[in-house]
Amino acid sequence: MEKLKGIGAVAGTVIGNIKRVSTDLTGYYAGYMQETPEQEKAKLLTALEQADEQLSRMIETAAARGNTEQTAILEAHRTMLADPALKEAVLQKLNEGEGAPQAMLAVAEQYAAMLSSLDDLYLRERAADVLDVGRRVARILFKAETGNDGEQTMILCAKDIEPSLLAEPGSAAVQGLILGHGSTTSHAVIIAKAKGLATVVGVNDLSQLIDGIEVILDGEKGEILIAPSPEVRSFYLEKSKGEQKLLAVQMAQAGEPAVTLDGVRIQLAANIGVPEDMKRALEFGCEGVGLYRTEFLFMGKKLPPGEDEQTELYRQVVQQCKQEVCIIRTMDIGGDKPLDYLNIGEEDNPFLGWRAIRISLERPDLFLTQLKAILRAGIYGKAAIMLPMIISADEIRRAKVFVAQAASELEREGKAFSRDVPLGIMVETPAAAVLAPVLARECDFFSIGTNDLVQYTLAVDRGNARVSQLYSHYHPSVLRLIDGVIRAAHNSGIWAGVCGEMAGDPGAAVLLAAMGIDELSMSAASIPKVKEQIRRIDMRSAAKLLQQVFELNDAEEIKKAVQKAVDMQATSTQA
């Protein structure tokens with residue numbers, strides 16, 4: 001039995017047969033009957049229409065199921081498909097005598113090569129989207145089958161895979177995904193997560209994964225076991241059954257609060273991007289919204305959303321939160337998410353450039369409109385304002401001036417609004433973490449954004465497969481920063497939460513509970529398992545584990561110590 005190692009992207013254990021998926025369509029060239037340039041143009045236009053119809057149907061299906069991220073990805077593909085420049089470039093190649101599918105693929109590859117050469121991760125990952133669109137049209141022209149049918153459990157395997165192929169309504173037999181390339185934040189992984197497909201990325205050598213061979217895929221550890229022995233297969237089969245049984249139990253108890261054995265309650269909220277996300281979040285037992293990512297409302301538009309439009313979108317979520325708070329983060333847009341109406345311009349490092357609160361403070365037209373909408377939505381429940389990318393007390397003070405101005409304008413306009421909307425900040429930079437005692441005096445709450453805090457603290461690009469193993473929220477420097485932030489918040493009489501991926505890690509939740517965290521906000525699917533973990537612990541044992549962790553100086557050592565403690569708690573609870 002051989003073992004391959006990659007990066008775990010979506011947890012889960014699957015036993016199935018490999019189904020190779022190739023993005024190389026050159027094998028279809030020989031069978032393609034090329035005709036005159038005019039006939040090729042007609043075929044291309046027909047294929048473009050068919051591709052648009054396919055994407056439209058997939059978008060409707062994804063939207064109906066509440067898969068908002070998947071919907072947004074497919075919408076982006078539709079936009080690319082309608083790009084006049086892309087179409088013109090393909091038509092030019094047809095005039096030069098190329099066949100329609102060859103021309104479509106050539107232009108898509110040119111665009112993708114240009115994007116792949118850029119430094120920015122976000123733009124590099126868009127290269128896969130351009131190729132996806134080109135290959136979709138080419139498959140239609142070649143009359144190529146995608147072939148996902150079958151009764152046996154299948155694990156798709158490819159160097160890369162078009163995200164839209166995963167989004168297609170295929171056979172339920174597909175349960176896992178193995179990618180040679182890609183990152184844990186790629187569009188293919190986002191869709192795999194939405195469909196519950198156990199996924200491993202960054203597998204360097206796929207040559208042993210031939211069509212039909214049985215493998216065991218461990219999406220949590222990032223491992224693939226090839227042709228397992230009966231004994232190993234039996235072990236992992238029981239593990240898979242246990243995961244399904246555990247999920248059923250967790251979902252049955254999703255509506256109950258997260259209370260430790262000795263009576264300490266921790267609020268578990270949801271991270272959402274659009275109002276439609278609330279349906280799923282409530283099903284998984286969320287207690288309010290800890291992070292409403294409003295930038296999705298600003299993207300894909302020629303003009304920013306107006307005050308009334310934003311008010312309605314915020315109202316829908318605030319109202320569904322009922323008596324729980326809905327924390328609305330102000331626009332977190334920057335050079336990595338360019339918008340036509342911002343005129344940001346090209347930046348060498350957009351993650352460290354003109355973005356988030358820096359844009360808001362310099363664009364009162366955008367900032368005041370959003371603040372007024374949040375204040376107006378506040379009358380329908382409990383809303384809160386959260387400022388992203390804060391590095392100084394002055395930024396908070398300047399923002400508070402705008403909040404006061406927004407309230408004054410609403411008063412003058414005779415519009416109803418809430419006068420009790422707390423103002424908090426995201427602690428996601430080392431500067432904010434170090435300055436926490438100072439910043440706590442200027443706001444009503446902290447929400448620690450661990451995704452960026454880890455990345456900035458460790459100087460690690462988590463999307464870079466060559467260094468992503470260094471990215472860990474268990475790093476002792478990160479844990480000490482977070483502990484200090486929580487202490488600073490409580491010393492100033494305000495509450496502290498976590499809204500990054502660390503919040504959805506059951507083991508990390510034990511350490512955060514010991515530090516005194518008040519709230520954890522995460523993707524909806526993580527809420528039941530974190531609730532269950534919190535119900536297993538008592539604060540005395542959690543504090544003991546935290547003390548043990550602070551005596552260690554290696555992220556991997558800390559992670560293992562936490563996992564050992566969590567496993568022991570699970571065993572004692574079951575006993």
# chains A, B, ... in the order shown; residues from 1 in each chain; ligands from 1
call {"tool": "residues_around", "arguments": {"residues": "range 444-457 of chain A", "least_positions_apart": "5", "cutoff": "9 Å", "atoms": "only C-alpha atoms", "output": "ChimeraX atom specification"}}
result
/A:290-291,386,388,422-430,433,436,462,471-473,475,477-478,482,485-486,489,493-503,519-521
call {"tool": "residues_around", "arguments": {"residues": "Ile226 in chain A", "least_positions_apart": "2", "cutoff": "7 Å", "atoms": "only C-alpha atoms", "output": "PyMOL selection string"}}
result
chain A and resi 1-3+214-216+224+228
call {"tool": "residues_around", "arguments": {"residues": "Glu162 in chain A", "least_positions_apart": "5", "cutoff": "8 Å", "atoms": "only C-alpha atoms", "output": "ChimeraX atom specification"}}
result
/A:23,128-129,131-132,188
call {"tool": "residues_around", "arguments": {"residues": "His77 in chain A", "least_positions_apart": "6", "cutoff": "10 Å", "atoms": "only C-alpha atoms", "output": "ChimeraX atom specification"}}
result
/A:51-52,55,71,83,126,129-134,163-164
call {"tool": "write_last_selection", "arguments": {"atoms": "N, CA and C atoms", "output": "PDB file, in the first residue's frame"}}
result
ATOM      1  N   ALA A  51     -23.224  27.489 -23.773  1.00  0.00           N
ATOM      2  CA  ALA A  51     -22.454  27.604 -22.532  1.00  0.00           C
ATOM      3  C   ALA A  51     -23.158  28.544 -21.564  1.00  0.00           C
ATOM      4  N   ASP A  52     -23.696  29.640 -22.096  1.00  0.00           N
ATOM      5  CA  ASP A  52     -24.419  30.590 -21.253  1.00  0.00           C
ATOM      6  C   ASP A  52     -25.666  29.940 -20.650  1.00  0.00           C
ATOM      7  N   LEU A  55     -24.549  27.541 -17.825  1.00  0.00           N
ATOM      8  CA  LEU A  55     -24.179  28.281 -16.614  1.00  0.00           C
ATOM      9  C   LEU A  55     -25.410  28.862 -15.941  1.00  0.00           C
ATOM     10  N   THR A  71     -22.723  30.187  -6.445  1.00  0.00           N
ATOM     11  CA  THR A  71     -23.465  31.057  -7.353  1.00  0.00           C
ATOM     12  C   THR A  71     -22.586  32.198  -7.845  1.00  0.00           C
ATOM     13  N   ASP A  83     -17.545  38.555 -22.155  1.00  0.00           N
ATOM     14  CA  ASP A  83     -16.531  39.604 -22.334  1.00  0.00           C
ATOM     15  C   ASP A  83     -16.303  39.869 -23.837  1.00  0.00           C
ATOM     16  N   ARG A 126      -7.761  33.524 -10.666  1.00  0.00           N
ATOM     17  CA  ARG A 126      -8.748  33.798 -11.705  1.00  0.00           C
ATOM     18  C   ARG A 126      -8.340  33.186 -13.038  1.00  0.00           C
ATOM     19  N   ASP A 129     -10.359  30.285 -13.752  1.00  0.00           N
ATOM     20  CA  ASP A 129     -11.714  30.604 -14.201  1.00  0.00           C
ATOM     21  C   ASP A 129     -11.753  30.868 -15.708  1.00  0.00           C
ATOM     22  N   VAL A 130     -10.750  31.578 -16.220  1.00  0.00           N
ATOM     23  CA  VAL A 130     -10.694  31.849 -17.656  1.00  0.00           C
ATOM     24  C   VAL A 130     -10.560  30.538 -18.425  1.00  0.00           C
ATOM     25  N   LEU A 131      -9.674  29.655 -17.952  1.00  0.00           N
ATOM     26  CA  LEU A 131      -9.508  28.358 -18.604  1.00  0.00           C
ATOM     27  C   LEU A 131     -10.799  27.543 -18.536  1.00  0.00           C
ATOM     28  N   ASP A 132     -11.487  27.638 -17.414  1.00  0.00           N
ATOM     29  CA  ASP A 132     -12.754  26.929 -17.240  1.00  0.00           C
ATOM     30  C   ASP A 132     -13.740  27.334 -18.331  1.00  0.00           C
ATOM     31  N   VAL A 133     -13.877  28.648 -18.532  1.00  0.00           N
ATOM     32  CA  VAL A 133     -14.806  29.160 -19.536  1.00  0.00           C
ATOM     33  C   VAL A 133     -14.401  28.683 -20.937  1.00  0.00           C
ATOM     34  N   GLY A 134     -13.110  28.781 -21.248  1.00  0.00           N
ATOM     35  CA  GLY A 134     -12.632  28.352 -22.558  1.00  0.00           C
ATOM     36  C   GLY A 134     -12.871  26.870 -22.801  1.00  0.00           C
ATOM     37  N   PRO A 163     -13.809  24.554 -12.038  1.00  0.00           N
ATOM     38  CA  PRO A 163     -14.782  24.656 -10.949  1.00  0.00           C
ATOM     39  C   PRO A 163     -16.204  24.361 -11.406  1.00  0.00           C
ATOM     40  N   SER A 164     -16.554  24.794 -12.625  1.00  0.00           N
ATOM     41  CA  SER A 164     -17.928  24.598 -13.081  1.00  0.00           C
ATOM     42  C   SER A 164     -18.243  23.128 -13.338  1.00  0.00           C
TER      43      SER A 164
END
call {"tool": "atom_distance", "arguments": {"atom1": "CA of Ile517 in chain A", "atom2": "CA of Gln569 in chain A"}}
result
20.1 Å
call {"tool": "closest_residue", "arguments": {"among": "A:Ala432, A:Leu352, A:Val10, A:Ala406", "to": "Ala373 in chain A", "atoms": "only C-alpha atoms"}}
result
A:Ala406
call {"tool": "select_by_dssp", "arguments": {"residues": "range 411-467 of chain A", "states": "strand (DSSP E)", "output": "list in words"}}
result
Leu423, Gly424, Ile425, Met426, Val427, Phe445, Phe446, Ser447 and Ile448 of chain A
call {"tool": "select_by_dssp", "arguments": {"residues": "range 360-400 of chain A", "states": "helix (DSSP H, G or I)", "output": "ChimeraX atom specification"}}
result
/A:360-362,364-380,393-400
call {"tool": "atom_distance", "arguments": {"atom1": "CA of Asp160 in chain A", "atom2": "CA of Leu91 in chain A"}}
result
27.0 Å
call {"tool": "residues_around", "arguments": {"residues": "Val264 in chain A", "least_positions_apart": "5", "cutoff": "12 Å", "atoms": "only C-alpha atoms", "output": "JSON list (two decimals) with N, CA, C and O atoms, in the first residue's frame"}}
result
[["chain", "number", "residue", "atom", "x", "y", "z"],
["A", 257, "PRO", "N", -27.46, 25.49, 23.06],
["A", 257, "PRO", "CA", -26.33, 26.41, 23.27],
["A", 257, "PRO", "C", -25.02, 25.69, 23.56],
["A", 257, "PRO", "O", -25.01, 24.51, 23.92],
["A", 258, "ALA", "N", -23.91, 26.40, 23.38],
["A", 258, "ALA", "CA", -22.58, 25.86, 23.67],
["A", 258, "ALA", "C", -22.23, 26.23, 25.11],
["A", 258, "ALA", "O", -21.80, 27.36, 25.39],
["A", 259, "VAL", "N", -22.43, 25.28, 26.02],
["A", 259, "VAL", "CA", -22.20, 25.52, 27.46],
["A", 259, "VAL", "C", -21.23, 24.45, 27.97],
["A", 259, "VAL", "O", -21.46, 23.25, 27.75],
["A", 513, "ALA", "N", -11.49, 29.12, 24.63],
["A", 513, "ALA", "CA", -12.37, 29.12, 25.81],
["A", 513, "ALA", "C", -11.56, 29.36, 27.08],
["A", 513, "ALA", "O", -11.95, 30.14, 27.96],
["A", 514, "ALA", "N", -10.40, 28.71, 27.17],
["A", 514, "ALA", "CA", -9.53, 28.89, 28.34],
["A", 514, "ALA", "C", -9.02, 30.32, 28.44],
["A", 514, "ALA", "O", -8.79, 30.83, 29.54],
["A", 516, "GLY", "N", -10.73, 32.82, 27.69],
["A", 516, "GLY", "CA", -11.86, 33.66, 28.10],
["A", 516, "GLY", "C", -12.64, 34.26, 26.95],
["A", 516, "GLY", "O", -13.36, 35.25, 27.14],
["A", 517, "ILE", "N", -12.56, 33.67, 25.77],
["A", 517, "ILE", "CA", -13.27, 34.21, 24.61],
["A", 517, "ILE", "C", -14.78, 34.22, 24.87],
["A", 517, "ILE", "O", -15.32, 33.32, 25.52],
["A", 518, "ASP", "N", -15.44, 35.25, 24.40],
["A", 518, "ASP", "CA", -16.88, 35.40, 24.62],
["A", 518, "ASP", "C", -17.72, 34.87, 23.46],
["A", 518, "ASP", "O", -18.85, 34.42, 23.67],
["A", 519, "GLU", "N", -17.15, 34.95, 22.23],
["A", 519, "GLU", "CA", -17.93, 34.59, 21.04],
["A", 519, "GLU", "C", -17.01, 33.98, 19.99],
["A", 519, "GLU", "O", -15.85, 34.38, 19.86],
["A", 534, "ILE", "N", -17.29, 22.17, 22.86],
["A", 534, "ILE", "CA", -17.38, 23.05, 24.03],
["A", 534, "ILE", "C", -18.19, 22.37, 25.14],
["A", 534, "ILE", "O", -17.87, 22.50, 26.33],
["A", 535, "ARG", "N", -19.22, 21.62, 24.77],
["A", 535, "ARG", "CA", -20.03, 20.93, 25.77],
["A", 535, "ARG", "C", -19.26, 19.83, 26.49],
["A", 535, "ARG", "O", -19.68, 19.36, 27.55],
["A", 536, "ARG", "N", -18.13, 19.39, 25.92],
["A", 536, "ARG", "CA", -17.34, 18.30, 26.52],
["A", 536, "ARG", "C", -16.34, 18.79, 27.55],
["A", 536, "ARG", "O", -15.78, 18.00, 28.30],
["A", 537, "ILE", "N", -16.04, 20.07, 27.58],
["A", 537, "ILE", "CA", -14.93, 20.55, 28.41],
["A", 537, "ILE", "C", -15.41, 21.23, 29.69],
["A", 537, "ILE", "O", -16.56, 21.65, 29.80],
["A", 538, "ASP", "N", -14.52, 21.32, 30.63],
["A", 538, "ASP", "CA", -14.73, 22.19, 31.79],
["A", 538, "ASP", "C", -13.57, 23.18, 31.81],
["A", 538, "ASP", "O", -12.47, 22.89, 31.30],
["A", 539, "MET", "N", -13.80, 24.35, 32.37],
["A", 539, "MET", "CA", -12.83, 25.42, 32.27],
["A", 539, "MET", "C", -11.53, 25.12, 33.02],
["A", 539, "MET", "O", -10.45, 25.59, 32.64],
["A", 540, "ARG", "N", -11.61, 24.29, 34.04],
["A", 540, "ARG", "CA", -10.40, 23.96, 34.79],
["A", 540, "ARG", "C", -9.44, 23.15, 33.93],
["A", 540, "ARG", "O", -8.24, 23.44, 33.85],
["A", 542, "ALA", "N", -9.49, 22.98, 30.65],
["A", 542, "ALA", "CA", -9.11, 23.81, 29.51],
["A", 542, "ALA", "C", -7.96, 24.74, 29.90],
["A", 542, "ALA", "O", -7.01, 24.94, 29.13]]
call {"tool": "residues_around", "arguments": {"residues": "Asn271 in chain A", "least_positions_apart": "3", "cutoff": "12 Å", "atoms": "only C-alpha atoms", "output": "ChimeraX atom specification"}}
result
/A:268,274-275,277-278,280-282,286-294,317,326-329,447,449,498-501,503-504,520-527
call {"tool": "atom_distance", "arguments": {"atom1": "CA of Leu361 in chain A", "atom2": "CA of Ala399 in chain A"}}
result
7.0 Å
call {"tool": "decode", "arguments": {"residues": "range 377-408 of chain A", "atoms": "N, CA, C and O atoms", "output": "compact mmCIF listing (two decimals), in the first residue's frame"}}
result
# COMPACT_ATOMS: atom_id res chain seq x y z
N ALA A 377 -30.98 49.83 9.50
CA ALA A 377 -31.31 48.41 9.67
C ALA A 377 -31.37 48.04 11.15
O ALA A 377 -32.04 47.06 11.53
N GLY A 378 -30.69 48.81 11.99
CA GLY A 378 -30.62 48.52 13.42
C GLY A 378 -31.96 48.56 14.13
O GLY A 378 -32.10 47.99 15.21
N ILE A 379 -32.97 49.21 13.54
CA ILE A 379 -34.28 49.28 14.21
C ILE A 379 -35.03 47.95 14.13
O ILE A 379 -36.04 47.77 14.80
N TYR A 380 -34.53 47.02 13.31
CA TYR A 380 -35.21 45.74 13.12
C TYR A 380 -34.65 44.63 14.02
O TYR A 380 -35.07 43.48 13.93
N GLY A 381 -33.70 44.97 14.87
CA GLY A 381 -33.09 43.98 15.75
C GLY A 381 -31.87 44.56 16.41
O GLY A 381 -31.88 45.71 16.85
N LYS A 382 -30.79 43.78 16.47
CA LYS A 382 -29.54 44.23 17.09
C LYS A 382 -28.43 44.23 16.04
O LYS A 382 -27.93 43.17 15.67
N ALA A 383 -28.07 45.41 15.58
CA ALA A 383 -26.99 45.53 14.60
C ALA A 383 -25.76 46.11 15.28
O ALA A 383 -25.85 46.82 16.28
N ALA A 384 -24.59 45.78 14.73
CA ALA A 384 -23.33 46.35 15.22
C ALA A 384 -22.45 46.64 14.01
O ALA A 384 -22.54 45.98 12.98
N ILE A 385 -21.60 47.64 14.15
CA ILE A 385 -20.69 48.05 13.09
C ILE A 385 -19.29 47.52 13.44
O ILE A 385 -18.84 47.68 14.57
N MET A 386 -18.62 46.92 12.46
CA MET A 386 -17.26 46.45 12.69
C MET A 386 -16.32 47.01 11.62
O MET A 386 -16.60 46.91 10.42
N LEU A 387 -15.21 47.61 12.05
CA LEU A 387 -14.25 48.24 11.16
C LEU A 387 -13.09 47.28 10.87
O LEU A 387 -12.47 46.77 11.79
N PRO A 388 -12.76 47.05 9.58
CA PRO A 388 -11.67 46.13 9.23
C PRO A 388 -10.32 46.83 9.10
O PRO A 388 -10.24 48.04 8.83
N MET A 389 -9.26 46.07 9.27
CA MET A 389 -7.88 46.51 8.98
C MET A 389 -7.44 47.71 9.82
O MET A 389 -6.69 48.57 9.36
N ILE A 390 -7.85 47.75 11.07
CA ILE A 390 -7.48 48.86 11.96
C ILE A 390 -6.04 48.67 12.45
O ILE A 390 -5.63 47.56 12.82
N ILE A 391 -5.28 49.77 12.45
CA ILE A 391 -3.91 49.71 13.00
C ILE A 391 -3.64 50.83 13.99
O ILE A 391 -2.55 50.90 14.56
N SER A 392 -4.64 51.72 14.23
CA SER A 392 -4.39 52.83 15.16
C SER A 392 -5.68 53.31 15.79
O SER A 392 -6.78 53.13 15.24
N ALA A 393 -5.56 53.96 16.95
CA ALA A 393 -6.71 54.53 17.64
C ALA A 393 -7.30 55.69 16.84
O ALA A 393 -8.51 55.92 16.85
N ASP A 394 -6.46 56.41 16.12
CA ASP A 394 -6.93 57.54 15.33
C ASP A 394 -7.95 57.11 14.27
O ASP A 394 -8.92 57.82 14.01
N GLU A 395 -7.73 55.94 13.66
CA GLU A 395 -8.68 55.45 12.65
C GLU A 395 -10.06 55.22 13.28
O GLU A 395 -11.09 55.52 12.66
N ILE A 396 -10.09 54.69 14.50
CA ILE A 396 -11.38 54.46 15.17
C ILE A 396 -12.05 55.79 15.47
O ILE A 396 -13.26 55.95 15.25
N ARG A 397 -11.29 56.75 15.98
CA ARG A 397 -11.86 58.06 16.30
C ARG A 397 -12.42 58.74 15.06
O ARG A 397 -13.51 59.33 15.10
N ARG A 398 -11.70 58.66 13.95
CA ARG A 398 -12.18 59.28 12.71
C ARG A 398 -13.45 58.58 12.22
O ARG A 398 -14.37 59.22 11.73
N ALA A 399 -13.49 57.26 12.38
CA ALA A 399 -14.69 56.51 11.97
C ALA A 399 -15.89 56.91 12.82
O ALA A 399 -17.01 57.03 12.31
N LYS A 400 -15.67 57.14 14.12
CA LYS A 400 -16.76 57.52 15.01
C LYS A 400 -17.34 58.89 14.62
O LYS A 400 -18.54 59.13 14.78
N VAL A 401 -16.51 59.75 14.09
CA VAL A 401 -16.99 61.05 13.61
C VAL A 401 -17.97 60.83 12.44
O VAL A 401 -19.02 61.48 12.36
N PHE A 402 -17.62 59.90 11.56
CA PHE A 402 -18.51 59.59 10.43
C PHE A 402 -19.81 58.95 10.91
O PHE A 402 -20.88 59.21 10.35
N VAL A 403 -19.75 58.10 11.93
CA VAL A 403 -20.96 57.49 12.47
C VAL A 403 -21.89 58.57 13.02
O VAL A 403 -23.10 58.55 12.77
N ALA A 404 -21.31 59.53 13.74
CA ALA A 404 -22.11 60.63 14.28
C ALA A 404 -22.72 61.46 13.15
O ALA A 404 -23.88 61.89 13.23
N GLN A 405 -21.95 61.68 12.10
CA GLN A 405 -22.46 62.44 10.95
C GLN A 405 -23.59 61.69 10.26
O GLN A 405 -24.59 62.30 9.85
N ALA A 406 -23.44 60.37 10.14
CA ALA A 406 -24.49 59.56 9.52
C ALA A 406 -25.78 59.67 10.32
O ALA A 406 -26.87 59.82 9.74
N ALA A 407 -25.68 59.60 11.64
CA ALA A 407 -26.86 59.71 12.50
C ALA A 407 -27.50 61.10 12.36
O ALA A 407 -28.73 61.23 12.30
N SER A 408 -26.65 62.12 12.29
CA SER A 408 -27.15 63.49 12.15
C SER A 408 -27.91 63.67 10.84
O SER A 408 -28.97 64.31 10.81
